[in-house]
Amino acid sequence: MELSKLIAQDLLKIKAVFFRPEAPFTWASGIKSPVYCDNRLTLTAPDVRTDVENGLATLIQTYYPDAEVLMGTSTAGIAHAAITAHLLGLPMGYVRSGNKDHGRQNRIEGKLEPGQKVVVVEDLISTGGSVIEVVDALREAGAEVLGIVSIFTYGMQKGLDRLAAANVKNVSLTNFDEIAAVAAEQGYIAKEDIERLIAFRNNPLDESWIGGKA
């Protein structure tokens, strides 16, 4: 089975990704969304966790074979970076959202030498803002950031534009379109809901998809 479809099935099975187009969730930003995503649930489902970490290792070997260090995003990417680094026999660390206010006031935790080739491990990419801050911090520390691996991406245009502007590549295990298709195929949502879900993904600020309109 194709890796993206396998991960989509896994995430739906444990409700790490949960579609509710008839009763949208409200994000902190106020945007109404038909999808809820919590990839931390993969850590408490050993079979899914195995698929995810083996998948991330495969992506790194395929797209970033020169990787020397994995750096997780704080906090959701830390565990995935640690497990994947163990599978690959690579060092890992993580990047805080800001500098510590005590001790050495580190933002980057773990040993990182200038010039080392780094892959950032993230769980979810929507608008891309937080992961690009991590990339910027690593570059400021002298790292050569090869790119990002993530479990799931929405594929929102704002996120794609930000990644392009930052000149950083992201490779995800699965994506919004794949999960929507599998959700319809397996009866989690109605097939006619796919068009509404894609309308949301294409323009999250346009709520015309709510109530059966796309």
# chains A, B, ... in the order shown; residues from 1 in each chain; ligands from 1
>>> select_by_dssp(residues="range 100-176 of chain A", states="helix (DSSP H, G or I)", output="count of residues only")
22
>>> residues_around(residues="range 40-49 of chain A", least_positions_apart="3", cutoff="7 Å", atoms="only C-alpha atoms", output="NGL selection string")
:A and (10 or 16 or 52-53 or 76)
>>> residues_around(residues="Val171 in chain A", least_positions_apart="2", cutoff="9 Å", atoms="only C-alpha atoms", output="number ranges by chain")
A: 59-60, 63, 147-151, 153, 169, 173-174
>>> residues_around(residues="Glu109 in chain A", least_positions_apart="3", cutoff="10 Å", atoms="only C-alpha atoms", output="ChimeraX atom specification")
/A:71-72,92-96,105-106,112
>>> residues_around(residues="Leu12 in chain A", least_positions_apart="3", cutoff="9 Å", atoms="only C-alpha atoms", output="list in words")
Ile7, Ala8, Gln9, Lys15, Ala16, Val17, Phe18, Phe19, Ile179, Val182, Ala183 and Tyr188 of chain A
>>> closest_residue(among="A:Gly77, A:Lys191, A:Pro24, A:Asn175", to="Leu3 in chain A", atoms="only C-alpha atoms")
A:Asn175
>>> atom_distance(atom1="CA of Leu160 in chain A", atom2="CA of Val69 in chain A")
24.4 Å
>>> atom_distance(atom1="CA of Asp123 in chain A", atom2="CA of Gly55 in chain A")
12.5 Å
>>> select_by_dssp(residues="range 18-66 of chain A", states="strand (DSSP E or B)", output="CSV table (one decimal) with N, CA, C and O atoms, in the first residue's frame")
chain,number,residue,atom,x,y,z
A,18,PHE,N,-9.8,14.1,12.5
A,18,PHE,CA,-11.2,13.8,12.6
A,18,PHE,C,-12.0,14.8,11.9
A,18,PHE,O,-11.9,16.0,12.1
A,19,PHE,N,-12.8,14.4,10.9
A,19,PHE,CA,-13.6,15.3,10.1
A,19,PHE,C,-15.0,15.5,10.7
A,19,PHE,O,-15.7,14.5,11.1
A,25,PHE,N,-15.3,22.7,13.8
A,25,PHE,CA,-14.6,23.2,15.0
A,25,PHE,C,-14.2,24.6,14.8
A,25,PHE,O,-14.1,25.1,13.7
A,26,THR,N,-13.9,25.3,15.9
A,26,THR,CA,-13.4,26.7,15.8
A,26,THR,C,-12.0,26.8,16.3
A,26,THR,O,-11.7,26.4,17.4
A,32,LYS,N,-13.4,28.7,11.3
A,32,LYS,CA,-14.2,27.5,11.4
A,32,LYS,C,-13.7,26.4,10.5
A,32,LYS,O,-13.4,26.7,9.3
A,33,SER,N,-13.4,25.3,11.1
A,33,SER,CA,-12.8,24.2,10.3
A,33,SER,C,-13.6,22.9,10.4
A,33,SER,O,-14.1,22.5,11.5
A,35,VAL,N,-12.2,20.1,10.2
A,35,VAL,CA,-11.2,19.0,10.5
A,35,VAL,C,-10.5,19.3,11.9
A,35,VAL,O,-10.2,20.5,12.1
A,36,TYR,N,-10.3,18.3,12.7
A,36,TYR,CA,-9.6,18.4,13.9
A,36,TYR,C,-8.4,17.5,13.8
A,36,TYR,O,-8.5,16.4,13.3
A,37,CYS,N,-7.2,18.0,14.2
A,37,CYS,CA,-6.0,17.2,14.0
A,37,CYS,C,-5.2,17.2,15.3
A,37,CYS,O,-4.9,18.3,15.8
>>> closest_residue(among="A:Ser208, A:Thr73, A:Thr58, A:Ser172", to="Leu138 in chain A", atoms="only C-alpha atoms")
A:Thr73
